[in-house]
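J.: My structure is in my_file19.cif, and what it holds is mmCIF, C-alpha atoms and all ligand atoms:
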```cif
data_structure
#
loop_
_atom_site.label_atom_id
_atom_site.label_comp_id
_atom_site.auth_asym_id
_atom_site.auth_seq_id
_atom_site.Cartn_x
_atom_site.Cartn_y
_atom_site.Cartn_z
CA MET F 9 11.97 94.01 -141.86
CA GLN F 10 9.67 96.93 -142.57
CA GLU F 11 6.26 96.74 -140.98
CA THR F 12 3.47 96.26 -143.55
CA ASN F 13 0.30 98.36 -143.45
CA VAL F 14 -1.76 95.44 -142.17
CA GLN F 15 0.72 94.80 -139.33
CA LYS F 16 0.61 98.48 -138.50
CA LEU F 17 -3.20 98.30 -138.45
CA ILE F 18 -3.10 95.36 -136.02
CA ARG F 19 -0.77 97.34 -133.74
CA PHE F 20 -3.12 100.36 -133.90
CA ILE F 21 -6.11 98.17 -132.98
CA ARG F 22 -4.17 96.64 -130.08
CA LYS F 23 -3.62 100.16 -128.71
CA SER F 24 -7.31 101.06 -129.20
CA PRO F 25 -9.55 98.94 -126.94
CA THR F 26 -12.06 101.84 -126.72
CA SER F 27 -12.87 105.01 -128.70
CA PHE F 28 -10.94 107.05 -126.09
CA HIS F 29 -7.83 104.94 -126.68
CA ALA F 30 -8.25 105.06 -130.48
CA ILE F 31 -8.24 108.87 -130.38
CA ASP F 32 -5.22 108.82 -128.08
CA ALA F 33 -3.38 106.50 -130.51
CA ILE F 34 -4.24 108.84 -133.42
CA LYS F 35 -2.96 111.85 -131.45
CA GLN F 36 0.34 110.02 -130.96
CA ALA F 37 0.56 109.42 -134.72
CA LEU F 38 -0.06 113.15 -135.38
CA LYS F 39 3.12 114.21 -133.63
CA ASP F 40 3.91 116.95 -136.19
CA PHE F 41 0.44 118.45 -135.76
CA THR F 42 -0.39 121.28 -133.35
CA PRO F 43 -3.17 120.43 -130.87
CA LEU F 44 -5.99 122.99 -130.63
CA GLN F 45 -8.52 123.48 -127.83
CA GLU F 46 -12.11 124.29 -128.71
CA ARG F 47 -12.43 126.64 -125.74
CA GLU F 48 -9.46 128.79 -126.81
CA ARG F 49 -9.12 131.27 -129.69
CA TRP F 50 -7.43 129.78 -132.73
CA ALA F 51 -4.62 131.52 -134.58
CA LEU F 52 -4.04 129.28 -137.58
CA ALA F 53 -1.29 129.80 -140.13
CA PRO F 54 -1.37 128.85 -143.83
CA GLY F 55 0.52 125.59 -144.36
CA GLY F 56 -0.13 124.54 -140.74
CA LYS F 57 -1.21 121.12 -139.46
CA TYR F 58 -3.63 120.90 -136.56
CA TYR F 59 -5.99 118.65 -134.68
CA VAL F 60 -8.76 119.13 -132.16
CA THR F 61 -10.64 116.59 -130.05
CA ARG F 62 -14.07 116.63 -128.44
CA ASN F 63 -14.81 114.49 -125.37
CA GLY F 64 -11.49 112.69 -125.91
CA SER F 65 -13.34 110.28 -128.19
CA SER F 66 -13.76 112.23 -131.48
CA LEU F 67 -11.02 113.99 -133.41
CA ILE F 68 -10.71 116.28 -136.42
CA ALA F 69 -7.23 116.75 -137.91
CA PHE F 70 -6.49 119.04 -140.85
CA THR F 71 -3.68 120.38 -142.99
CA LEU F 72 -3.97 123.87 -144.48
CA PRO F 73 -2.72 124.95 -147.91
CA ALA F 74 0.24 127.35 -148.05
CA GLY F 75 -1.82 129.74 -150.22
CA PRO F 76 -5.52 130.76 -150.14
CA LEU F 77 -7.88 127.97 -149.08
CA SER F 78 -10.25 126.95 -151.88
CA SER F 79 -12.29 124.15 -150.29
CA PHE F 80 -12.21 121.16 -147.94
CA GLN F 81 -11.55 117.53 -148.86
CA LEU F 82 -12.78 115.44 -145.98
CA ILE F 83 -12.69 111.81 -144.88
CA ALA F 84 -14.94 110.69 -142.01
CA SER F 85 -14.86 107.41 -140.10
CA HIS F 86 -15.79 106.28 -136.58
CA SER F 87 -13.85 105.40 -133.44
CA ASP F 88 -16.41 103.24 -131.61
CA SER F 89 -17.46 99.60 -131.98
CA PRO F 90 -20.26 97.53 -130.46
CA THR F 91 -19.37 96.32 -126.97
CA PHE F 92 -20.73 96.04 -123.43
CA LYS F 93 -20.68 99.09 -121.14
CA ILE F 94 -20.17 98.42 -117.46
CA LYS F 95 -22.77 99.93 -115.15
CA GLU F 96 -21.86 102.25 -112.29
CA ASN F 97 -22.69 99.70 -109.59
CA ALA F 98 -20.75 96.98 -111.32
CA GLU F 99 -20.57 93.92 -109.09
CA VAL F 100 -23.33 91.30 -109.14
CA ILE F 101 -22.99 88.56 -106.51
CA VAL F 102 -24.33 85.15 -107.56
CA ARG F 103 -25.40 82.83 -104.75
CA ASP F 104 -22.40 83.95 -102.68
CA LYS F 105 -20.19 82.06 -105.10
CA TYR F 106 -19.30 84.38 -107.97
CA VAL F 107 -18.83 88.03 -108.78
CA GLN F 108 -20.13 89.11 -112.20
CA LEU F 109 -20.11 92.53 -113.87
CA ASP F 110 -23.41 94.26 -114.56
CA THR F 111 -23.31 95.33 -118.20
CA GLU F 112 -25.54 96.68 -120.93
CA ARG F 113 -25.12 96.56 -124.68
CA TYR F 114 -23.46 99.42 -126.52
CA GLY F 115 -24.54 99.18 -130.16
CA GLY F 116 -25.80 96.16 -132.05
CA MET F 117 -23.33 93.34 -131.60
CA ILE F 118 -23.37 89.63 -132.47
CA MET F 119 -23.78 88.57 -128.85
CA SER F 120 -22.67 84.96 -129.31
CA SER F 121 -19.22 86.10 -130.47
CA TRP F 122 -18.44 87.42 -126.97
CA PHE F 123 -18.69 84.05 -125.22
CA ASP F 124 -15.83 81.85 -123.96
CA ARG F 125 -12.96 84.20 -124.62
CA PRO F 126 -10.74 86.27 -122.33
CA LEU F 127 -11.98 89.83 -121.95
CA SER F 128 -10.70 92.90 -120.20
CA VAL F 129 -11.95 96.33 -119.20
CA ALA F 130 -10.87 99.72 -120.54
CA GLY F 131 -12.20 103.24 -120.87
CA ARG F 132 -12.00 106.60 -119.18
CA ALA F 133 -11.92 107.31 -115.46
CA LEU F 134 -12.65 110.71 -113.94
CA VAL F 135 -10.53 111.28 -110.87
CA ARG F 136 -10.32 113.97 -108.19
CA ASP F 137 -7.68 116.55 -109.04
CA GLY F 138 -7.25 119.14 -106.29
CA GLN F 139 -10.41 121.25 -106.45
CA GLY F 140 -11.55 119.64 -109.70
CA VAL F 141 -11.65 116.46 -111.77
CA ARG F 142 -9.54 115.13 -114.62
CA ALA F 143 -9.96 112.33 -117.15
CA VAL F 144 -7.49 109.44 -117.21
CA LEU F 145 -7.42 106.58 -119.72
CA VAL F 146 -7.56 103.19 -118.07
CA ASP F 147 -6.91 99.73 -119.46
CA LEU F 148 -6.68 96.77 -117.10
CA ASP F 149 -4.73 95.08 -119.92
CA ARG F 150 -4.98 91.59 -118.44
CA ASP F 151 -7.35 88.66 -119.00
CA MET F 152 -9.86 89.70 -116.35
CA ALA F 153 -13.34 88.53 -117.36
CA LEU F 154 -15.15 85.93 -119.45
CA ILE F 155 -18.75 85.23 -120.47
CA PRO F 156 -19.15 81.44 -120.17
CA ASN F 157 -21.58 79.52 -122.33
CA VAL F 158 -24.08 77.21 -120.64
CA ALA F 159 -23.10 73.56 -121.20
CA ILE F 160 -25.01 71.89 -123.99
CA HIS F 161 -26.31 69.37 -121.44
CA MET F 162 -28.14 72.22 -119.70
CA ASN F 163 -29.31 73.91 -122.88
CA ARG F 164 -29.92 71.30 -125.58
CA ASP F 165 -31.49 73.93 -127.84
CA VAL F 166 -28.46 76.18 -128.04
CA ASN F 167 -27.75 75.18 -131.65
CA ASN F 168 -31.33 75.75 -132.75
CA GLY F 169 -31.28 79.52 -132.45
CA TYR F 170 -30.94 80.78 -128.89
CA LYS F 171 -32.35 84.14 -127.85
CA TYR F 172 -29.75 85.77 -125.61
CA ASN F 173 -31.03 87.99 -122.81
CA PRO F 174 -28.54 90.82 -122.08
CA ALA F 175 -29.84 91.03 -118.50
CA VAL F 176 -29.05 87.36 -117.87
CA ASP F 177 -26.85 85.62 -120.42
CA THR F 178 -24.05 88.08 -121.12
CA PHE F 179 -22.85 89.20 -117.68
CA PRO F 180 -19.15 88.38 -117.58
CA LEU F 181 -17.63 86.38 -114.75
CA TRP F 182 -15.21 88.59 -112.81
CA GLY F 183 -14.14 86.29 -109.95
CA THR F 184 -15.10 84.00 -107.12
CA GLN F 185 -16.63 85.30 -103.93
CA ALA F 186 -13.19 86.43 -102.83
CA ALA F 187 -13.23 89.01 -105.66
CA LYS F 188 -16.04 90.97 -103.98
CA GLY F 189 -15.23 94.67 -103.85
CA THR F 190 -12.25 94.46 -106.20
CA PHE F 191 -13.67 96.03 -109.36
CA ARG F 192 -13.51 99.66 -108.29
CA ALA F 193 -10.17 99.03 -106.64
CA GLN F 194 -8.76 97.69 -109.91
CA ILE F 195 -10.02 100.70 -111.87
CA ALA F 196 -8.67 103.15 -109.27
CA GLN F 197 -5.31 101.40 -109.34
CA ALA F 198 -5.19 101.53 -113.15
CA ALA F 199 -6.01 105.25 -112.95
CA GLY F 200 -3.26 105.76 -110.38
CA VAL F 201 -5.55 107.08 -107.64
CA LYS F 202 -7.11 106.00 -104.33
CA GLU F 203 -10.54 104.43 -104.62
CA GLU F 204 -12.23 107.42 -102.93
CA ASP F 205 -10.76 109.69 -105.62
CA LEU F 206 -12.44 107.76 -108.45
CA LEU F 207 -15.44 109.99 -109.13
CA GLY F 208 -16.79 108.74 -112.47
CA ALA F 209 -16.03 106.44 -115.37
CA ASP F 210 -17.01 105.24 -118.84
CA LEU F 211 -15.84 101.63 -118.93
CA PHE F 212 -16.30 98.91 -121.53
CA LEU F 213 -15.46 95.26 -122.06
CA TYR F 214 -13.05 94.43 -124.86
CA ASN F 215 -11.90 91.26 -126.55
CA ARG F 216 -8.33 90.32 -125.64
CA MET F 217 -7.67 88.29 -128.78
CA GLU F 218 -4.93 89.87 -130.87
CA GLY F 219 -5.38 90.62 -134.54
CA ARG F 220 -3.65 88.28 -136.97
CA VAL F 221 -3.01 87.75 -140.65
CA TRP F 222 -3.95 84.26 -141.83
CA GLY F 223 -4.78 82.06 -144.82
CA VAL F 224 -2.78 79.92 -147.21
CA GLY F 225 -1.67 83.07 -148.99
CA GLU F 226 -1.86 85.27 -145.85
CA GLU F 227 -4.79 86.93 -147.57
CA PHE F 228 -7.01 87.64 -144.55
CA VAL F 229 -6.78 89.77 -141.44
CA SER F 230 -8.94 89.06 -138.40
CA ALA F 231 -9.08 91.42 -135.45
CA PRO F 232 -11.47 93.08 -133.04
CA ARG F 233 -13.01 96.44 -134.13
CA LEU F 234 -12.03 96.33 -137.82
CA ASP F 235 -15.32 98.22 -138.26
CA ASP F 236 -14.34 100.98 -138.24
CA LEU F 237 -10.78 101.28 -136.98
CA GLU F 238 -9.55 99.98 -140.34
CA CYS F 239 -10.95 103.08 -142.11
CA ALA F 240 -9.90 105.42 -139.27
CA PHE F 241 -6.34 104.07 -139.42
CA SER F 242 -6.23 104.32 -143.24
CA SER F 243 -7.46 107.93 -143.25
CA VAL F 244 -4.82 109.00 -140.72
CA GLU F 245 -2.08 107.24 -142.72
CA ALA F 246 -3.31 108.99 -145.88
CA LEU F 247 -3.41 112.40 -144.17
CA LEU F 248 0.15 111.93 -142.88
CA SER F 249 1.58 111.02 -146.27
CA ALA F 250 -0.46 113.25 -148.63
CA GLN F 251 1.07 116.30 -150.30
CA GLY F 252 -1.19 119.33 -149.97
CA GLY F 253 -2.81 121.44 -152.70
CA ASP F 254 -5.05 124.51 -152.66
CA HIS F 255 -7.62 122.80 -150.45
CA ALA F 256 -7.52 121.83 -146.79
CA ASN F 257 -7.36 118.08 -146.10
CA VAL F 258 -9.56 117.11 -143.17
CA CYS F 259 -9.64 113.79 -141.33
CA CYS F 260 -12.61 113.24 -138.98
CA VAL F 261 -12.96 110.31 -136.59
CA PHE F 262 -16.31 110.45 -134.78
CA ASP F 263 -17.44 108.55 -131.70
CA ASN F 264 -20.90 107.04 -131.17
CA GLU F 265 -21.70 105.95 -134.74
CA GLU F 266 -22.86 102.60 -133.36
CA VAL F 267 -25.51 104.26 -131.20
CA GLY F 268 -26.88 106.80 -133.71
CA SER F 269 -24.24 109.60 -133.65
CA THR F 270 -26.48 112.00 -131.68
CA THR F 271 -24.00 112.86 -128.91
CA LYS F 272 -22.14 116.19 -128.64
CA GLN F 273 -19.09 114.52 -130.21
CA GLY F 274 -20.91 112.34 -132.77
CA ALA F 275 -21.34 112.92 -136.51
CA ASP F 276 -24.81 114.31 -135.77
CA SER F 277 -23.36 117.21 -133.75
CA SER F 278 -22.01 120.64 -134.60
CA PHE F 279 -18.40 119.45 -134.22
CA LEU F 280 -17.44 119.33 -137.90
CA ALA F 281 -19.37 122.47 -138.90
CA ASP F 282 -17.84 124.35 -135.94
CA VAL F 283 -14.31 123.31 -136.91
CA LEU F 284 -14.66 124.16 -140.62
CA ARG F 285 -16.19 127.57 -139.84
CA ARG F 286 -13.47 128.34 -137.29
CA ILE F 287 -10.72 127.40 -139.75
CA LEU F 288 -11.93 130.07 -142.17
CA LEU F 289 -12.63 132.70 -139.51
CA SER F 290 -9.18 132.15 -138.02
CA LEU F 291 -7.63 132.67 -141.46
CA GLY F 292 -9.39 136.05 -141.67
CA LYS F 293 -12.11 134.83 -144.04
CA THR F 294 -15.80 135.70 -143.91
CA GLU F 295 -19.06 133.82 -143.58
CA GLU F 296 -19.45 134.13 -147.36
CA ASP F 297 -16.09 132.42 -147.84
CA TYR F 298 -17.35 129.56 -145.67
CA TYR F 299 -20.27 128.92 -148.01
CA THR F 300 -18.20 129.17 -151.19
CA ALA F 301 -15.60 126.77 -149.70
CA LEU F 302 -18.32 124.29 -148.69
CA ALA F 303 -19.91 124.42 -152.14
CA GLY F 304 -16.65 123.22 -153.66
CA SER F 305 -15.90 120.64 -150.97
CA PHE F 306 -16.01 116.86 -151.13
CA MET F 307 -16.27 114.12 -148.51
CA LEU F 308 -15.58 110.40 -148.26
CA SER F 309 -17.66 108.71 -145.56
CA ALA F 310 -15.56 105.63 -144.78
CA ASP F 311 -17.10 102.70 -142.96
CA ASN F 312 -16.62 99.01 -143.67
CA ALA F 313 -18.90 97.06 -146.01
CA HIS F 314 -20.14 93.47 -146.21
CA ALA F 315 -18.16 90.94 -148.23
CA VAL F 316 -20.19 88.17 -149.84
CA HIS F 317 -20.40 85.42 -147.20
CA PRO F 318 -18.95 82.03 -148.18
CA ASN F 319 -21.75 80.07 -146.47
CA HIS F 320 -24.52 82.46 -147.41
CA PRO F 321 -23.83 84.10 -150.76
CA GLU F 322 -27.60 84.42 -151.19
CA TYR F 323 -27.65 87.26 -148.61
CA SER F 324 -25.82 89.51 -151.07
CA ASP F 325 -27.15 91.19 -154.18
CA GLY F 326 -26.56 89.08 -157.26
CA LEU F 327 -24.40 91.68 -159.02
CA ASN F 328 -23.49 94.41 -156.58
CA GLN F 329 -21.60 92.17 -154.18
CA THR F 330 -18.07 92.68 -152.93
CA VAL F 331 -15.11 90.47 -152.10
CA MET F 332 -12.18 90.82 -149.71
CA ASN F 333 -9.00 92.06 -151.42
CA GLY F 334 -11.13 93.37 -154.30
CA GLY F 335 -10.34 97.00 -153.49
CA ILE F 336 -12.30 99.93 -152.13
CA VAL F 337 -16.05 99.37 -151.92
CA ILE F 338 -18.32 102.17 -153.14
CA LYS F 339 -21.71 101.81 -151.44
CA PHE F 340 -25.05 102.65 -153.01
CA ASN F 341 -28.57 102.84 -151.63
CA ALA F 342 -31.60 104.13 -153.50
CA ASN F 343 -33.02 105.65 -150.30
CA GLN F 344 -29.73 107.49 -149.68
CA LYS F 345 -28.75 105.74 -146.46
CA TYR F 346 -25.47 105.80 -148.34
CA THR F 347 -24.73 109.21 -149.82
CA THR F 348 -23.12 108.06 -153.07
CA ASP F 349 -24.72 109.37 -156.24
CA GLY F 350 -23.63 109.35 -159.86
CA VAL F 351 -21.57 112.53 -159.45
CA SER F 352 -19.64 111.50 -156.33
CA GLU F 353 -19.11 108.01 -157.72
CA ALA F 354 -17.69 109.36 -160.97
CA VAL F 355 -15.31 111.75 -159.22
CA PHE F 356 -13.94 109.06 -156.89
CA HIS F 357 -13.82 106.45 -159.64
CA HIS F 358 -11.71 108.83 -161.72
CA ILE F 359 -9.30 109.41 -158.80
CA CYS F 360 -8.90 105.69 -158.03
CA GLU F 361 -8.42 104.80 -161.70
CA LYS F 362 -5.55 107.26 -161.96
CA ALA F 363 -4.00 105.92 -158.74
CA GLN F 364 -4.48 102.32 -159.97
CA VAL F 365 -6.58 101.43 -156.96
CA PRO F 366 -9.34 98.88 -157.72
CA VAL F 367 -12.92 99.74 -156.71
CA GLN F 368 -16.03 97.57 -156.46
CA HIS F 369 -19.71 98.38 -156.03
CA TYR F 370 -21.99 97.39 -153.19
CA ALA F 371 -25.73 97.59 -152.74
CA ASN F 372 -27.90 95.62 -150.31
CA ARG F 373 -30.08 92.83 -151.63
CA SER F 374 -33.27 94.70 -152.49
CA ASP F 375 -35.32 92.91 -149.81
CA MET F 376 -32.77 93.56 -147.03
CA PRO F 377 -32.65 97.00 -145.40
CA GLY F 378 -28.95 97.17 -144.30
CA GLY F 379 -27.53 99.77 -141.91
CA GLY F 380 -26.85 103.48 -142.09
CA THR F 381 -23.54 105.19 -141.46
CA LEU F 382 -21.89 108.60 -141.06
CA GLY F 383 -22.20 110.29 -144.44
CA ASN F 384 -25.87 111.17 -144.53
CA ILE F 385 -25.87 112.17 -140.83
CA SER F 386 -22.88 114.47 -141.12
CA GLY F 387 -24.32 115.75 -144.42
CA SER F 388 -27.29 117.23 -142.58
CA HIS F 389 -24.88 119.62 -140.80
CA VAL F 390 -22.26 120.16 -143.49
CA SER F 391 -23.87 119.52 -146.84
CA VAL F 392 -21.15 118.69 -149.32
CA ASN F 393 -20.82 116.17 -152.13
CA THR F 394 -20.19 112.86 -150.40
CA LEU F 395 -19.77 109.23 -151.21
CA ASP F 396 -19.85 106.22 -148.94
CA ILE F 397 -16.92 103.84 -149.16
CA GLY F 398 -15.47 101.03 -147.05
CA LEU F 399 -13.60 97.74 -147.21
CA ALA F 400 -15.30 94.39 -147.66
CA GLN F 401 -15.40 92.37 -144.44
CA LEU F 402 -17.11 89.35 -142.89
CA ALA F 403 -18.91 89.05 -139.55
CA MET F 404 -19.57 92.77 -139.08
CA HIS F 405 -20.25 93.52 -135.38
CA SER F 406 -18.75 90.26 -134.19
CA CYS F 407 -16.07 90.97 -131.58
CA TYR F 408 -13.58 89.38 -134.01
CA GLU F 409 -14.08 90.43 -137.62
CA THR F 410 -12.37 89.38 -140.86
CA ALA F 411 -11.23 91.45 -143.84
CA GLY F 412 -8.74 91.30 -146.73
CA ALA F 413 -5.07 91.91 -145.81
CA GLN F 414 -4.33 93.54 -149.17
CA ASP F 415 -7.28 95.93 -148.92
CA VAL F 416 -5.58 98.07 -146.25
CA ASP F 417 -2.99 99.08 -148.88
CA TYR F 418 -5.75 99.90 -151.37
CA MET F 419 -7.64 102.05 -148.88
CA ILE F 420 -4.58 104.05 -147.85
CA ALA F 421 -3.58 104.56 -151.51
CA GLY F 422 -7.12 105.57 -152.53
CA MET F 423 -7.49 108.01 -149.65
CA LYS F 424 -4.04 109.50 -150.29
CA ALA F 425 -4.91 109.99 -153.97
CA PHE F 426 -8.17 111.67 -152.90
CA TYR F 427 -6.32 114.07 -150.59
CA GLU F 428 -3.75 114.85 -153.30
CA THR F 429 -6.26 115.49 -156.10
CA GLU F 430 -7.46 119.05 -156.60
CA ILE F 431 -11.22 118.59 -157.00
CA ARG F 432 -12.61 121.74 -158.60
CA CYS F 433 -16.33 122.18 -159.11
CA ALA F 434 -17.06 124.28 -162.24
CA ALA F 435 -20.84 123.79 -162.24
CA ASP F 436 -23.35 121.26 -160.93
CA GLY F 437 -22.11 117.93 -162.25
CA ARG F 438 -18.94 119.39 -163.78
CA TYR F 439 -15.55 118.88 -162.17
CA THR F 440 -11.88 119.15 -163.00
CA LEU F 441 -9.57 116.73 -161.23
CA THR F 442 -5.88 117.59 -161.26
ZN ZN J 501 -19.05 101.03 -138.89
#
```
Please render this file's structure as structure tokens.
T.:
Amino acid sequence: MQETNVQKLIRFIRKSPTSFHAIDAIKQALKDFTPLQERERWALAPGGKYYVTRNGSSLIAFTLPAGPLSSFQLIASHSDSPTFKIKENAEVIVRDKYVQLDTERYGGMIMSSWFDRPLSVAGRALVRDGQGVRAVLVDLDRDMALIPNVAIHMNRDVNNGYKYNPAVDTFPLWGTQAAKGTFRAQIAQAAGVKEEDLLGADLFLYNRMEGRVWGVGEEFVSAPRLDDLECAFSSVEALLSAQGGDHANVCCVFDNEEVGSTTKQGADSSFLADVLRRILLSLGKTEEDYYTALAGSFMLSADNAHAVHPNHPEYSDGLNQTVMNGGIVIKFNANQKYTTDGVSEAVFHHICEKAQVPVQHYANRSDMPGGGTLGNISGSHVSVNTLDIGLAQLAMHSCYETAGAQDVDYMIAGMKAFYETEIRCAADGRYTLT
């Protein structure tokens, strides 16, 4: 039986416990693409397919037109999700009875969702390599840790709104006293080196629970990290299947969205601008060509959106609320935390209508601020017409989130149609779409 898109998504998420692993899984999917190194000169050929990574946790892949390049059509999503980062001195000994891991929060998670479930540790280890160092992906890939709740008999108030302290309540249990000194050894073993050759690491907890499709009509998918691996996965699938035109199709997956994007590999870095400029320079174009290409370019900033909550529909706007399996969500915000405006909405609406992909509109309830995302941040470096889209989901930033199973098909189809449409800007507010 052929694997459905949602099953494929679940498999991708399983392979992607951290942003480093997500980028590695995307590289494996881009097997017909030529890898580029930022520190080397690029010699790109028309019609070529390439990708480049930064820090091993952000990636930009692109396909070039066979003829002259007119513009860029870009989709951006993010590879990271809220989690707990493990500190360098990791082992905390509790009354000579237990070993815990010393952690701090990465991003804004729903802390309670991390309790009473098997967890493991994954990330990147830096190991000694002759005279230098080299990065190795590590995944302990076993049920290795758990954050236990306090019994209700010891905390009678737990159901009345408990304030979790990340320096006390969320340290995961790693073992009994006998486990002392084993954490580094486990990481070194997973990296395939001796403990003394483990020189650095970026390690995170992850939820071991597998993604699954459920519901009387199999209408839902629940999995860790749906925000934003669902959009990252969809954009890669769309890039792989789209037929090219006169523009370059570009697929960006940025790390560190959950902590503000301000790292060297985040959306608030020079990464995208550097890559777009180098594409044109490598094709023998000039600085002027870069600006004319950008002026005709278009971007989808893809990050999941909030579905109306069954227990709390009042948290959503009365009209601009979205449902799971209702199609691609176009997000609006008067203060431009989302980049969508009338022009970008109209262009994308037109594309989705032609591709028979349903769209729905989202705006926060007017007295609730909501969160920002990639589009406006990346737009400050590469200013192109952009709109913010996503798929409707529940429990955003829980370690197990829920979305619509059918929506994965809609997102891939909508993104593919976007990549395959020739978006030509004739004047401000005037476009042809062929
Ligand atoms: Zn997100």
J.: Show me which residues line ligand ZN 501 (chain J), defined as having an atom within 6 Å of a ligand atom where all atoms listed in the file count, and present them as a ChimeraX atom specification.
T.: /F:235-236,311-312
J.: To one decimal place, how far is CA of Leu280 in chain F from CA of His255 in chain F in Å?
T.: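 Separation of CA of Leu280 in chain F and CA of His255 in chain F: 16.3 Å.
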J.: May I ask which of the residues F:Tyr418, F:Phe41, F:Trp122, F:Phe306 is the closest one to Ser352 in chain F, counting all atoms listed in the file?
T.: F:Phe306
J.: Would you mind reading off the distance between CA of Glu322 in chain F and CA of Leu382 in chain F, one decimal, in Å?
T.: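 So the two atoms, CA of Glu322 in chain F and CA of Leu382 in chain F, lie 26.8 Å apart.
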J.: The residues within 12 Å of (-6.0, 104.3, -132.4), using only C-alpha atoms and the coordinates of the file, should be reported as a count of residues only; which are they?
T.: 43
J.: Which residue gives the smallest distance to Glu226 in chain F among F:Thr91, F:Asn393, F:Ser269, F:Asn333, with only C-alpha atoms counted?
T.: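 Of all the options, F:Asn333 lies closest to Glu226 in chain F.
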J.: Which one of F:Leu148, F:Cys407, F:Val367, F:Ala421 sits closest to Lys339 in chain F if you count all atoms listed in the file?
T.: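 Counting all atoms listed in the file, the residue closest to Lys339 in chain F is F:Val367.
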J.: Pull range 13-26 of chain F out of the block and emit N, CA and C atoms, as a PDB file, in the first residue's frame.
T.:
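This went into selection_34.pdb:
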```pdb
ATOM      1  N   ASN F  13       0.585  10.988   2.538  1.00  0.00           N
ATOM      2  CA  ASN F  13       1.414  12.125   2.949  1.00  0.00           C
ATOM      3  C   ASN F  13       1.507  12.236   4.464  1.00  0.00           C
ATOM      4  N   VAL F  14       0.396  11.958   5.151  1.00  0.00           N
ATOM      5  CA  VAL F  14       0.436  12.115   6.612  1.00  0.00           C
ATOM      6  C   VAL F  14       1.311  11.030   7.244  1.00  0.00           C
ATOM      7  N   GLN F  15       1.314   9.831   6.672  1.00  0.00           N
ATOM      8  CA  GLN F  15       2.210   8.775   7.186  1.00  0.00           C
ATOM      9  C   GLN F  15       3.673   9.143   6.936  1.00  0.00           C
ATOM     10  N   LYS F  16       3.892   9.735   5.769  1.00  0.00           N
ATOM     11  CA  LYS F  16       5.248  10.170   5.425  1.00  0.00           C
ATOM     12  C   LYS F  16       5.723  11.278   6.386  1.00  0.00           C
ATOM     13  N   LEU F  17       4.783  12.173   6.738  1.00  0.00           N
ATOM     14  CA  LEU F  17       5.089  13.236   7.692  1.00  0.00           C
ATOM     15  C   LEU F  17       5.488  12.639   9.044  1.00  0.00           C
ATOM     16  N   ILE F  18       4.719  11.653   9.501  1.00  0.00           N
ATOM     17  CA  ILE F  18       5.006  11.019  10.797  1.00  0.00           C
ATOM     18  C   ILE F  18       6.407  10.384  10.774  1.00  0.00           C
ATOM     19  N   ARG F  19       6.742   9.766   9.658  1.00  0.00           N
ATOM     20  CA  ARG F  19       8.072   9.141   9.528  1.00  0.00           C
ATOM     21  C   ARG F  19       9.169  10.217   9.555  1.00  0.00           C
ATOM     22  N   PHE F  20       8.916  11.341   8.886  1.00  0.00           N
ATOM     23  CA  PHE F  20       9.883  12.450   8.876  1.00  0.00           C
ATOM     24  C   PHE F  20      10.086  12.994  10.308  1.00  0.00           C
ATOM     25  N   ILE F  21       8.995  13.138  11.036  1.00  0.00           N
ATOM     26  CA  ILE F  21       9.087  13.662  12.410  1.00  0.00           C
ATOM     27  C   ILE F  21       9.852  12.687  13.308  1.00  0.00           C
ATOM     28  N   ARG F  22       9.617  11.398  13.092  1.00  0.00           N
ATOM     29  CA  ARG F  22      10.317  10.368  13.871  1.00  0.00           C
ATOM     30  C   ARG F  22      11.832  10.476  13.664  1.00  0.00           C
ATOM     31  N   LYS F  23      12.232  10.839  12.442  1.00  0.00           N
ATOM     32  CA  LYS F  23      13.666  10.954  12.135  1.00  0.00           C
ATOM     33  C   LYS F  23      14.253  12.290  12.577  1.00  0.00           C
ATOM     34  N   SER F  24      13.393  13.181  13.098  1.00  0.00           N
ATOM     35  CA  SER F  24      13.813  14.567  13.367  1.00  0.00           C
ATOM     36  C   SER F  24      13.601  14.979  14.822  1.00  0.00           C
ATOM     37  N   PRO F  25      14.287  14.316  15.774  1.00  0.00           N
ATOM     38  CA  PRO F  25      14.090  14.710  17.177  1.00  0.00           C
ATOM     39  C   PRO F  25      14.634  16.104  17.494  1.00  0.00           C
ATOM     40  N   THR F  26      15.589  16.609  16.700  1.00  0.00           N
ATOM     41  CA  THR F  26      16.112  17.974  16.906  1.00  0.00           C
ATOM     42  C   THR F  26      16.230  18.661  15.548  1.00  0.00           C
TER      43      THR F  26
END
```
